[in-house]
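What's in data21.txt: compact mmCIF, C-alpha atoms and all ligand atoms
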# COMPACT_ATOMS: atom_id res chain seq x y z
CA MET A 265 185.30 -99.55 16.82
CA LEU A 266 185.53 -95.99 18.19
CA LEU A 267 181.75 -95.82 18.42
CA GLN A 268 181.62 -99.26 20.06
CA GLN A 269 184.18 -98.06 22.62
CA GLY A 270 182.22 -94.96 23.58
CA HIS A 271 183.81 -92.22 21.47
CA ASP A 272 181.91 -89.63 19.45
CA VAL A 273 183.16 -89.54 15.85
CA THR A 274 182.95 -87.34 12.77
CA VAL A 275 184.50 -88.63 9.53
CA VAL A 276 186.04 -86.22 7.02
CA ASP A 277 186.70 -87.61 3.56
CA ASN A 278 186.88 -86.07 0.09
CA LEU A 279 185.69 -89.44 -1.27
CA SER A 280 188.51 -89.50 -3.84
CA LYS A 281 189.29 -93.01 -2.57
CA GLY A 282 186.86 -93.60 0.30
CA HIS A 283 183.38 -95.09 0.06
CA ARG A 284 180.37 -93.17 1.31
CA GLN A 285 178.49 -96.32 2.31
CA ASN A 286 181.18 -97.35 4.81
CA VAL A 287 180.25 -94.72 7.42
CA PRO A 288 176.93 -93.63 8.92
CA ALA A 289 175.61 -90.79 6.71
CA GLU A 290 175.05 -88.40 9.62
CA ARG A 291 178.71 -88.71 10.68
CA LEU A 292 180.26 -87.97 7.27
CA ARG A 293 181.47 -84.53 6.13
CA VAL A 294 182.68 -84.48 2.54
CA LEU A 295 185.62 -82.08 2.68
CA ASP A 296 189.11 -81.87 1.25
CA LEU A 297 192.00 -81.55 3.68
CA ALA A 298 193.26 -78.61 1.64
CA ASP A 299 190.25 -76.59 2.87
CA THR A 300 191.85 -75.36 6.10
CA GLN A 301 189.05 -72.97 7.06
CA ALA A 302 186.28 -75.54 6.62
CA LEU A 303 188.28 -78.02 8.71
CA ALA A 304 188.89 -75.48 11.46
CA SER A 305 185.16 -74.64 11.57
CA LEU A 306 184.22 -78.30 11.77
CA LEU A 307 186.75 -79.00 14.55
CA ARG A 308 185.27 -76.07 16.53
CA GLU A 309 181.66 -77.02 15.80
CA LYS A 310 182.19 -80.61 16.96
CA GLU A 311 184.45 -79.59 19.88
CA CYS A 312 186.93 -82.28 18.86
CA ASP A 313 189.47 -83.50 21.42
CA ALA A 314 191.68 -85.25 18.87
CA VAL A 315 192.10 -86.19 15.24
CA ILE A 316 193.08 -89.49 13.63
CA HIS A 317 194.58 -88.69 10.24
CA PHE A 318 194.45 -91.49 7.64
CA ALA A 319 193.98 -89.42 4.50
CA ALA A 320 196.76 -90.06 2.00
CA PHE A 321 197.69 -91.71 -1.27
CA ILE A 322 199.32 -95.09 -0.58
CA ALA A 323 200.74 -96.69 -3.72
CA VAL A 324 204.54 -96.84 -3.76
CA GLY A 325 204.81 -97.50 -7.51
CA GLU A 326 202.50 -94.60 -8.38
CA SER A 327 204.51 -92.30 -6.09
CA MET A 328 207.64 -93.10 -8.14
CA ARG A 329 205.82 -91.93 -11.28
CA GLU A 330 203.93 -88.92 -9.85
CA PRO A 331 205.93 -87.53 -6.92
CA ALA A 332 204.38 -84.05 -7.04
CA ARG A 333 200.87 -85.46 -6.65
CA TYR A 334 202.01 -87.55 -3.67
CA PHE A 335 203.85 -84.74 -1.90
CA ARG A 336 200.99 -82.30 -2.52
CA ASN A 337 198.25 -84.58 -1.27
CA ASN A 338 200.11 -86.24 1.60
CA VAL A 339 202.30 -83.41 2.88
CA CYS A 340 200.30 -80.28 2.00
CA GLY A 341 197.06 -81.98 3.09
CA SER A 342 198.58 -82.82 6.47
CA LEU A 343 199.96 -79.30 6.86
CA SER A 344 196.52 -77.84 6.19
CA LEU A 345 195.02 -80.17 8.80
CA LEU A 346 197.67 -79.20 11.37
CA ASP A 347 197.04 -75.53 10.65
CA ALA A 348 193.29 -76.08 11.18
CA MET A 349 193.94 -77.97 14.42
CA VAL A 350 196.04 -75.09 15.75
CA GLN A 351 193.31 -72.59 14.80
CA ALA A 352 190.66 -74.70 16.56
CA ASN A 353 192.93 -75.49 19.52
CA VAL A 354 192.80 -79.28 19.03
CA LYS A 355 195.86 -80.71 20.74
CA HIS A 356 196.22 -84.38 19.78
CA LEU A 357 196.79 -86.26 16.54
CA VAL A 358 197.22 -89.95 15.68
CA PHE A 359 198.88 -90.19 12.28
CA SER A 360 198.95 -93.08 9.77
CA SER A 361 202.63 -93.48 9.05
CA THR A 362 204.36 -96.45 7.46
CA ALA A 363 207.18 -98.98 7.64
CA ALA A 364 208.31 -97.34 4.38
CA VAL A 365 209.97 -94.61 6.50
CA TYR A 366 212.73 -97.18 7.22
CA GLY A 367 213.58 -97.76 3.54
CA ASN A 368 215.68 -100.91 3.15
CA PRO A 369 216.66 -101.84 6.72
CA HIS A 370 219.61 -104.20 7.05
CA THR A 371 218.34 -106.25 9.98
CA SER A 372 215.07 -107.45 11.36
CA PRO A 373 212.88 -107.01 13.36
CA ILE A 374 212.69 -103.26 12.91
CA SER A 375 212.45 -101.10 16.02
CA GLU A 376 211.39 -97.47 16.13
CA ASP A 377 214.95 -96.19 16.59
CA PHE A 378 216.11 -97.59 13.22
CA PRO A 379 217.39 -94.90 10.80
CA ILE A 380 214.71 -93.03 8.87
CA GLN A 381 215.63 -93.25 5.17
CA ALA A 382 212.68 -93.57 2.83
CA VAL A 383 213.42 -94.92 -0.63
CA ASN A 384 210.33 -93.66 -2.47
CA PRO A 385 208.18 -90.49 -2.48
CA TYR A 386 205.33 -92.24 -0.66
CA GLY A 387 207.61 -93.10 2.29
CA GLU A 388 209.30 -89.71 2.11
CA SER A 389 205.92 -87.94 2.27
CA LYS A 390 205.24 -89.73 5.57
CA VAL A 391 208.73 -88.86 6.87
CA MET A 392 208.06 -85.21 6.04
CA VAL A 393 204.78 -85.25 7.97
CA GLU A 394 206.44 -86.93 10.96
CA ARG A 395 208.95 -84.05 10.92
CA LEU A 396 206.15 -81.46 10.73
CA LEU A 397 204.56 -83.12 13.76
CA GLY A 398 207.78 -82.62 15.73
CA TRP A 399 207.68 -78.89 15.05
CA PHE A 400 203.98 -78.55 15.87
CA ASP A 401 204.63 -80.25 19.20
CA GLN A 402 207.60 -78.01 19.96
CA ILE A 403 205.85 -74.78 18.98
CA HIS A 404 202.13 -75.40 19.57
CA HIS A 405 202.22 -78.26 22.13
CA LEU A 406 200.21 -80.40 19.75
CA THR A 407 201.08 -83.98 20.77
CA SER A 408 201.01 -86.79 18.24
CA VAL A 409 201.54 -90.49 17.72
CA PRO A 410 202.71 -91.58 14.27
CA LEU A 411 201.77 -95.24 13.87
CA ARG A 412 204.13 -96.90 11.41
CA TYR A 413 201.97 -99.51 9.74
CA PHE A 414 203.40 -102.69 8.36
CA ASN A 415 201.07 -104.58 5.96
CA ALA A 416 197.49 -103.74 6.89
CA SER A 417 195.38 -106.70 5.82
CA GLY A 418 192.35 -108.82 6.61
CA CYS A 419 188.87 -107.37 6.99
CA ASP A 420 186.32 -106.58 9.63
CA PRO A 421 185.56 -110.08 11.05
CA ALA A 422 181.83 -109.42 10.72
CA GLY A 423 182.48 -109.21 6.96
CA GLY A 424 180.95 -105.80 6.23
CA LEU A 425 184.11 -103.73 5.72
CA GLY A 426 187.19 -104.64 3.73
CA GLU A 427 189.75 -103.55 1.18
CA GLU A 428 188.15 -101.79 -1.78
CA HIS A 429 190.98 -100.09 -3.64
CA GLU A 430 190.71 -99.20 -7.29
CA PRO A 431 193.03 -100.35 -8.74
CA GLU A 432 193.87 -102.99 -6.11
CA THR A 433 197.61 -103.38 -5.58
CA HIS A 434 197.74 -105.35 -2.32
CA LEU A 435 198.80 -108.96 -2.25
CA ILE A 436 196.04 -110.68 -0.25
CA PRO A 437 193.03 -109.26 -2.15
CA LEU A 438 194.84 -109.90 -5.44
CA VAL A 439 195.57 -113.53 -4.49
CA LEU A 440 191.90 -114.05 -3.58
CA ARG A 441 190.82 -112.38 -6.81
CA ALA A 442 193.07 -114.81 -8.72
CA VAL A 443 191.27 -117.73 -7.01
CA LYS A 444 187.90 -116.32 -8.06
CA THR A 445 188.77 -115.35 -11.63
CA GLY A 446 191.33 -118.04 -12.46
CA LYS A 447 193.62 -115.30 -13.84
CA PRO A 448 197.14 -115.75 -12.45
CA ILE A 449 198.69 -113.29 -10.04
CA THR A 450 202.29 -112.25 -10.65
CA VAL A 451 204.78 -112.92 -7.85
CA PHE A 452 207.15 -109.96 -7.97
CA GLY A 453 210.50 -111.75 -7.93
CA ASN A 454 211.69 -115.04 -6.40
CA ASP A 455 215.39 -114.24 -6.26
CA TYR A 456 215.43 -112.23 -3.02
CA PRO A 457 217.80 -113.21 -0.18
CA THR A 458 214.96 -114.87 1.78
CA PRO A 459 214.36 -118.61 2.49
CA ASP A 460 212.00 -119.14 -0.48
CA GLY A 461 213.26 -116.19 -2.55
CA THR A 462 210.06 -114.11 -2.26
CA CYS A 463 209.61 -110.94 -0.19
CA ILE A 464 208.72 -111.14 3.47
CA ARG A 465 206.21 -108.78 5.08
CA ASP A 466 204.52 -108.44 8.47
CA TYR A 467 200.76 -108.75 7.85
CA ILE A 468 198.72 -107.04 10.54
CA HIS A 469 194.95 -107.53 10.85
CA VAL A 470 193.09 -104.28 10.24
CA ASN A 471 191.12 -104.62 13.51
CA ASP A 472 194.35 -104.95 15.50
CA LEU A 473 195.66 -101.92 13.62
CA ALA A 474 192.46 -100.01 14.43
CA GLN A 475 192.75 -100.90 18.11
CA ALA A 476 196.29 -99.47 18.13
CA HIS A 477 194.79 -96.12 17.02
CA ILE A 478 192.30 -96.10 19.86
CA LEU A 479 195.02 -96.92 22.40
CA ALA A 480 197.23 -94.17 20.94
CA LEU A 481 194.37 -91.67 21.06
CA GLU A 482 193.60 -92.46 24.70
CA TYR A 483 197.31 -92.30 25.54
CA LEU A 484 197.53 -88.76 24.10
CA ILE A 485 194.29 -87.57 25.68
CA ASN A 486 195.58 -88.84 29.05
CA GLY A 487 198.67 -86.65 28.72
CA GLY A 488 201.12 -89.00 26.95
CA ALA A 489 204.06 -87.37 25.15
CA SER A 490 204.58 -87.59 21.36
CA GLU A 491 206.04 -90.97 20.36
CA SER A 492 206.21 -93.14 17.23
CA PHE A 493 205.12 -96.78 17.31
CA ASN A 494 205.42 -99.63 14.86
CA VAL A 495 202.24 -101.58 14.26
CA GLY A 496 202.98 -105.14 13.17
CA THR A 497 202.80 -108.57 14.73
CA GLY A 498 206.55 -109.30 14.76
CA THR A 499 206.15 -112.29 12.43
CA GLY A 500 206.99 -112.20 8.73
CA HIS A 501 205.43 -114.18 5.88
CA SER A 502 206.71 -114.58 2.33
CA VAL A 503 204.59 -114.10 -0.79
CA LEU A 504 204.56 -117.88 -1.32
CA GLU A 505 203.37 -118.42 2.26
CA ILE A 506 200.46 -116.05 1.58
CA ILE A 507 199.61 -118.07 -1.53
CA ARG A 508 199.70 -121.31 0.50
CA ALA A 509 197.51 -119.79 3.25
CA ALA A 510 194.99 -118.69 0.59
CA GLU A 511 194.95 -122.23 -0.82
CA GLU A 512 194.21 -123.65 2.63
CA VAL A 513 191.46 -121.12 3.34
CA THR A 514 189.76 -121.34 -0.05
CA GLY A 515 190.42 -125.03 -0.74
CA LYS A 516 191.49 -124.01 -4.27
CA LYS A 517 194.77 -123.60 -6.12
CA VAL A 518 196.02 -120.03 -6.53
CA PRO A 519 197.08 -119.54 -10.15
CA TYR A 520 200.34 -117.58 -10.21
CA GLU A 521 203.39 -116.86 -12.31
CA VAL A 522 206.75 -115.47 -11.26
CA GLY A 523 207.63 -112.09 -12.77
CA PRO A 524 210.37 -109.54 -12.26
CA ARG A 525 210.93 -107.69 -9.01
CA ARG A 526 208.80 -104.60 -8.34
CA GLU A 527 210.93 -101.48 -8.13
CA GLY A 528 211.48 -100.22 -4.58
CA ASP A 529 210.48 -103.47 -2.79
CA PRO A 530 212.71 -104.26 0.21
CA PRO A 531 213.32 -108.04 0.70
CA SER A 532 211.99 -108.13 4.25
CA LEU A 533 210.01 -105.80 6.53
CA VAL A 534 209.11 -107.21 9.93
CA ALA A 535 208.19 -105.06 12.92
CA SER A 536 209.32 -105.19 16.45
CA SER A 537 206.03 -104.44 18.21
CA LYS A 538 207.65 -104.48 21.66
CA LYS A 539 207.20 -100.75 22.24
CA LEU A 540 203.52 -100.80 21.28
CA ARG A 541 202.87 -103.81 23.50
CA GLU A 542 204.80 -102.49 26.47
CA ARG A 543 203.88 -98.81 26.34
CA LEU A 544 200.28 -98.94 25.13
CA GLY A 545 199.30 -102.43 26.30
CA TRP A 546 198.47 -103.50 22.75
CA ALA A 547 198.04 -107.21 22.00
CA PRO A 548 196.87 -108.49 18.62
CA GLN A 549 193.61 -110.41 18.64
CA TYR A 550 194.14 -111.90 15.16
CA PRO A 551 197.88 -112.61 14.71
CA ASP A 552 197.30 -115.82 12.75
CA LEU A 553 197.79 -115.51 9.00
CA ARG A 554 195.02 -117.97 8.16
CA THR A 555 192.50 -115.90 10.17
CA ILE A 556 193.57 -112.77 8.30
CA VAL A 557 193.15 -114.50 4.94
CA GLN A 558 189.86 -116.09 6.07
CA HIS A 559 188.40 -112.68 6.95
CA ALA A 560 189.54 -111.27 3.62
CA TRP A 561 187.95 -114.26 1.88
CA ASN A 562 184.66 -113.68 3.77
CA PHE A 563 184.68 -110.11 2.50
CA ALA A 564 185.51 -111.18 -1.08
CA ASN A 565 182.42 -113.44 -0.94
CA ARG A 566 180.04 -111.02 0.76
CA ALA A 567 176.50 -110.93 -0.48
N1 LIG A 601 203.30 -108.68 -4.36
C1 LIG A 601 203.39 -109.60 -5.40
N2 LIG A 601 202.45 -109.55 -6.39
C2 LIG A 601 201.42 -108.65 -6.41
C3 LIG A 601 201.33 -107.73 -5.33
C4 LIG A 601 202.28 -107.77 -4.33
O1 LIG A 601 204.30 -110.43 -5.44
O2 LIG A 601 200.62 -108.66 -7.36
C5 LIG A 601 204.29 -108.71 -3.28
C6 LIG A 601 205.06 -107.41 -3.15
O3 LIG A 601 206.21 -107.45 -3.96
C7 LIG A 601 205.40 -107.39 -1.66
C8 LIG A 601 204.25 -108.15 -1.02
O4 LIG A 601 203.61 -108.86 -2.06
O5 LIG A 601 206.58 -108.13 -1.42
C9 LIG A 601 203.23 -107.23 -0.37
O6 LIG A 601 202.89 -106.23 -1.31
P1 LIG A 601 201.71 -105.21 -1.06
O7 LIG A 601 201.60 -104.35 -2.31
O8 LIG A 601 200.50 -105.94 -0.62
O9 LIG A 601 202.20 -104.33 0.17
P2 LIG A 601 203.55 -103.48 0.39
O10 LIG A 601 204.53 -104.43 1.04
O11 LIG A 601 204.00 -102.96 -0.91
O12 LIG A 601 203.11 -102.42 1.33
Will you turn the file into structure tokens for me?
Amino acid sequence: MLLQQGHDVTVVDNLSKGHRQNVPAERLRVLDLADTQALASLLREKECDAVIHFAAFIAVGESMREPARYFRNNVCGSLSLLDAMVQANVKHLVFSSTAAVYGNPHTSPISEDFPIQAVNPYGESKVMVERLLGWFDQIHHLTSVPLRYFNASGCDPAGGLGEEHEPETHLIPLVLRAVKTGKPITVFGNDYPTPDGTCIRDYIHVNDLAQAHILALEYLINGGASESFNVGTGTGHSVLEIIRAAEEVTGKKVPYEVGPRREGDPPSLVASSKKLRERLGWAPQYPDLRTIVQHAWNFANRA
């Protein structure tokens, strides 16, 4: 999308989770964020105006078992990147943050001024980086936009790019996998204080999420001050609603069983996207759940 919208792009990835085939070979540099000097050289060589920083571990459950690995990768990696940006005099950063910074909020929808109180090391690692960003702005005038993602989902509508996590932990790809394999998915708890008892999340199409990054980048390059934004649609869907949407899209039954709650899961996380809409002019192109699931299904059935 950046290329389509006239930006020049270099991708840095250590390929620990990313897939080489998803970016043009001539744009990829295989580097680890911990390598501050190599990053600083690259930023100078490419004369970068800004960085979008997505590189992190993302599994809440794993972060509860291996906190050191999460803090090292997510916090120390970000610190190394910020250090490199200061060395290369790059002044703007868009950062992948998360709704997990809000922990278990009491009311909904969630706005950006809700208390920050992560309840797992994954969320806390993002809180720590948001705090680092505040200091780098104050001291080095490096401006940044943390984008607090709700549930990134769906796939590139053209069908070429989609979720490829190993192991997969996300609901929509797992539901679609259950349709294909016939092996039931486990619904993590149906005794939550929600209308059907299953957890409610705000599923945001990955292209709408991507567009928020481009708007944030342009905002910073045009002199905008550091600000955090939620990225969600403002509408929540329960786990059972996702299952029903997948049944409509695929025309097949989703085999599932109800299991215990997953540790650390808040009952409901729904964004207020008012600030993003009003301040950055963002409007989702694919807010409809069926479209999101349809695109994910197209990807699951790609040739
Ligand atoms: N979920 C579930 N079964 C699964 C995977 C997820 O019931 O196999 C539920 C999970 O408890 C949460 C929702 O689906 O309420 C979305 O989970 P996901 O891991 O996709 O995203 P998260 O909300 O953790 O970022």
Practice task
For atom CA of Val391 of chain A and atom CA of Asp529 of chain A, determine how far apart the two atoms are, in Å to one decimal place.
Solution key: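 Calculated distance between atom CA of Val391 of chain A and atom CA of Asp529 of chain A is 17.6 Å.
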Fill in the blank from the handout: Counting only C-alpha atoms and all ligand atoms, the residue among A:Thr555, A:Gln285, A:Thr300, A:Ser532 that lies closest to ligand LIG 601 (chain A) is A:Ser532
How close does segment 304-413 of chain A get to segment 462-477 of chain A? List, as a Markdown table, each residue of segment 304-413 of chain A within 9 Å, its nearest atom pair and the distance in Å to one decimal, counting only C-alpha atoms.
| residue | atom | partner | partner_atom | distance |
| --- | --- | --- | --- | --- |
| A:Ile316 | CA | A:His477 | CA | 7.6 |
| A:Val358 | CA | A:His477 | CA | 6.8 |
| A:Phe359 | CA | A:His477 | CA | 8.6 |
| A:Ser360 | CA | A:His477 | CA | 8.9 |
| A:Val409 | CA | A:His477 | CA | 8.8 |
| A:Leu411 | CA | A:His477 | CA | 7.7 |
| A:Tyr413 | CA | A:Leu473 | CA | 7.8 |
Handout entry: Surrounding residues as an MDAnalysis selection string, ligand LIG 601 (chain A), max 9 Å, all atoms listed in the file
Key = chainID A and resid 322:325 362:364 413:417 432:439 449:454 462:467 502:504 506 522:523 525:533
Exercise for the section: Enter the distance from atom CA of Ser344 of chain A to atom CA of His283 of chain A, in Å, rounded to one decimal. Expected result: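 Interatomic distance, atom CA of Ser344 of chain A to atom CA of His283 of chain A: 22.5 Å.
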Handout entry: Contact residues around Lys390 of chain A with all atoms listed in the file at 12 Å, ignoring same-chain residues under 3 positions, as an MDAnalysis selection string
Key = chainID A and resid 317:322 324 327 334:343 359:367 380:387 393:397 410:413
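In terms of minimum interatomic distance to Tyr520 of chain A, A:Ile507 ranks closest within A:Arg541, A:Ile507, A:Gln268, A:Gln301, counting all atoms listed in the file.
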Practice task
Take atom CA of His404 of chain A and atom CA of His356 of chain A and report the distance between them in Å, one decimal.
Solution key: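 Computing it gives 10.8 Å between the two atoms.
The list of residues within 6 Å of (195.8, -112.2, 5.8), counted using all atoms listed in the file, is Ser417, Gly418, Leu553, Ile556 and Val557 of chain A.
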Exercise for the section: Tell me which protein, DNA and RNA residues are within 8 Å of Arg566 of chain A, counting all atoms listed in the file, leaving out same-chain ones fewer than 3 positions away, and put them as a ChimeraX atom specification. Expected result: /A:423-424,562-563
Completion exercise
Using only C-alpha atoms, the residue out of A:Ile478, A:His370, A:Gln351, A:Cys419 with shortest distance to Pro457 of chain A is A:His370
Is it possible to add N, CA and C atoms to segment 493-522 of chain A and hand it back as a PDB file, in the coordinates of the input?
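The resulting file, part_22.pdb, is shown below:
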ATOM      1  N   PHE A 493     205.247 -95.344  17.026  1.00  0.00           N
ATOM      2  CA  PHE A 493     205.120 -96.780  17.310  1.00  0.00           C
ATOM      3  C   PHE A 493     204.991 -97.546  16.008  1.00  0.00           C
ATOM      4  N   ASN A 494     205.677 -98.684  15.941  1.00  0.00           N
ATOM      5  CA  ASN A 494     205.420 -99.630  14.860  1.00  0.00           C
ATOM      6  C   ASN A 494     204.125-100.374  15.146  1.00  0.00           C
ATOM      7  N   VAL A 495     203.386-100.698  14.083  1.00  0.00           N
ATOM      8  CA  VAL A 495     202.240-101.580  14.260  1.00  0.00           C
ATOM      9  C   VAL A 495     202.394-102.774  13.313  1.00  0.00           C
ATOM     10  N   GLY A 496     202.840-103.876  13.876  1.00  0.00           N
ATOM     11  CA  GLY A 496     202.980-105.140  13.170  1.00  0.00           C
ATOM     12  C   GLY A 496     202.944-106.236  14.214  1.00  0.00           C
ATOM     13  N   THR A 497     202.922-107.482  13.750  1.00  0.00           N
ATOM     14  CA  THR A 497     202.800-108.570  14.730  1.00  0.00           C
ATOM     15  C   THR A 497     204.157-109.055  15.217  1.00  0.00           C
ATOM     16  N   GLY A 498     205.233-108.776  14.433  1.00  0.00           N
ATOM     17  CA  GLY A 498     206.550-109.300  14.760  1.00  0.00           C
ATOM     18  C   GLY A 498     206.875-110.592  14.015  1.00  0.00           C
ATOM     19  N   THR A 499     205.928-111.069  13.207  1.00  0.00           N
ATOM     20  CA  THR A 499     206.150-112.290  12.430  1.00  0.00           C
ATOM     21  C   THR A 499     206.049-111.950  10.940  1.00  0.00           C
ATOM     22  N   GLY A 500     207.010-112.469  10.160  1.00  0.00           N
ATOM     23  CA  GLY A 500     206.990-112.200   8.730  1.00  0.00           C
ATOM     24  C   GLY A 500     206.494-113.401   7.932  1.00  0.00           C
ATOM     25  N   HIS A 501     205.873-113.116   6.789  1.00  0.00           N
ATOM     26  CA  HIS A 501     205.430-114.180   5.880  1.00  0.00           C
ATOM     27  C   HIS A 501     205.846-113.814   4.463  1.00  0.00           C
ATOM     28  N   SER A 502     206.299-114.829   3.718  1.00  0.00           N
ATOM     29  CA  SER A 502     206.710-114.580   2.330  1.00  0.00           C
ATOM     30  C   SER A 502     205.480-114.574   1.417  1.00  0.00           C
ATOM     31  N   VAL A 503     205.687-114.111   0.196  1.00  0.00           N
ATOM     32  CA  VAL A 503     204.590-114.100  -0.790  1.00  0.00           C
ATOM     33  C   VAL A 503     204.085-115.532  -1.014  1.00  0.00           C
ATOM     34  N   LEU A 504     204.998-116.490  -1.105  1.00  0.00           N
ATOM     35  CA  LEU A 504     204.560-117.880  -1.320  1.00  0.00           C
ATOM     36  C   LEU A 504     203.792-118.426  -0.114  1.00  0.00           C
ATOM     37  N   GLU A 505     204.145-117.994   1.084  1.00  0.00           N
ATOM     38  CA  GLU A 505     203.370-118.420   2.260  1.00  0.00           C
ATOM     39  C   GLU A 505     201.945-117.863   2.214  1.00  0.00           C
ATOM     40  N   ILE A 506     201.801-116.645   1.712  1.00  0.00           N
ATOM     41  CA  ILE A 506     200.460-116.050   1.580  1.00  0.00           C
ATOM     42  C   ILE A 506     199.648-116.892   0.581  1.00  0.00           C
ATOM     43  N   ILE A 507     200.292-117.267  -0.506  1.00  0.00           N
ATOM     44  CA  ILE A 507     199.610-118.070  -1.530  1.00  0.00           C
ATOM     45  C   ILE A 507     199.173-119.403  -0.912  1.00  0.00           C
ATOM     46  N   ARG A 508     200.059-120.014  -0.133  1.00  0.00           N
ATOM     47  CA  ARG A 508     199.700-121.310   0.500  1.00  0.00           C
ATOM     48  C   ARG A 508     198.557-121.133   1.502  1.00  0.00           C
ATOM     49  N   ALA A 509     198.591-120.037   2.278  1.00  0.00           N
ATOM     50  CA  ALA A 509     197.510-119.790   3.250  1.00  0.00           C
ATOM     51  C   ALA A 509     196.181-119.605   2.505  1.00  0.00           C
ATOM     52  N   ALA A 510     196.226-118.911   1.371  1.00  0.00           N
ATOM     53  CA  ALA A 510     194.990-118.690   0.590  1.00  0.00           C
ATOM     54  C   ALA A 510     194.480-120.021   0.036  1.00  0.00           C
ATOM     55  N   GLU A 511     195.394-120.919  -0.313  1.00  0.00           N
ATOM     56  CA  GLU A 511     194.950-122.230  -0.820  1.00  0.00           C
ATOM     57  C   GLU A 511     194.284-123.034   0.297  1.00  0.00           C
ATOM     58  N   GLU A 512     194.836-122.933   1.502  1.00  0.00           N
ATOM     59  CA  GLU A 512     194.210-123.650   2.630  1.00  0.00           C
ATOM     60  C   GLU A 512     192.833-123.084   2.945  1.00  0.00           C
ATOM     61  N   VAL A 513     192.732-121.762   2.967  1.00  0.00           N
ATOM     62  CA  VAL A 513     191.460-121.120   3.340  1.00  0.00           C
ATOM     63  C   VAL A 513     190.390-121.375   2.279  1.00  0.00           C
ATOM     64  N   THR A 514     190.769-121.258   1.010  1.00  0.00           N
ATOM     65  CA  THR A 514     189.760-121.340  -0.050  1.00  0.00           C
ATOM     66  C   THR A 514     189.547-122.775  -0.525  1.00  0.00           C
ATOM     67  N   GLY A 515     190.510-123.659  -0.230  1.00  0.00           N
ATOM     68  CA  GLY A 515     190.420-125.030  -0.740  1.00  0.00           C
ATOM     69  C   GLY A 515     190.672-125.099  -2.241  1.00  0.00           C
ATOM     70  N   LYS A 516     191.232-124.024  -2.811  1.00  0.00           N
ATOM     71  CA  LYS A 516     191.490-124.010  -4.270  1.00  0.00           C
ATOM     72  C   LYS A 516     192.942-123.639  -4.534  1.00  0.00           C
ATOM     73  N   LYS A 517     193.423-123.990  -5.707  1.00  0.00           N
ATOM     74  CA  LYS A 517     194.770-123.600  -6.120  1.00  0.00           C
ATOM     75  C   LYS A 517     194.779-122.110  -6.466  1.00  0.00           C
ATOM     76  N   VAL A 518     195.845-121.422  -6.104  1.00  0.00           N
ATOM     77  CA  VAL A 518     196.020-120.030  -6.530  1.00  0.00           C
ATOM     78  C   VAL A 518     196.839-120.042  -7.817  1.00  0.00           C
ATOM     79  N   PRO A 519     196.264-119.604  -8.940  1.00  0.00           N
ATOM     80  CA  PRO A 519     197.080-119.540 -10.150  1.00  0.00           C
ATOM     81  C   PRO A 519     198.077-118.388 -10.038  1.00  0.00           C
ATOM     82  N   TYR A 520     199.359-118.672 -10.249  1.00  0.00           N
ATOM     83  CA  TYR A 520     200.340-117.580 -10.210  1.00  0.00           C
ATOM     84  C   TYR A 520     201.498-117.846 -11.157  1.00  0.00           C
ATOM     85  N   GLU A 521     202.158-116.743 -11.531  1.00  0.00           N
ATOM     86  CA  GLU A 521     203.390-116.860 -12.310  1.00  0.00           C
ATOM     87  C   GLU A 521     204.426-115.954 -11.648  1.00  0.00           C
ATOM     88  N   VAL A 522     205.696-116.296 -11.854  1.00  0.00           N
ATOM     89  CA  VAL A 522     206.750-115.470 -11.260  1.00  0.00           C
ATOM     90  C   VAL A 522     207.201-114.449 -12.284  1.00  0.00           C
TER      91      VAL A 522
END
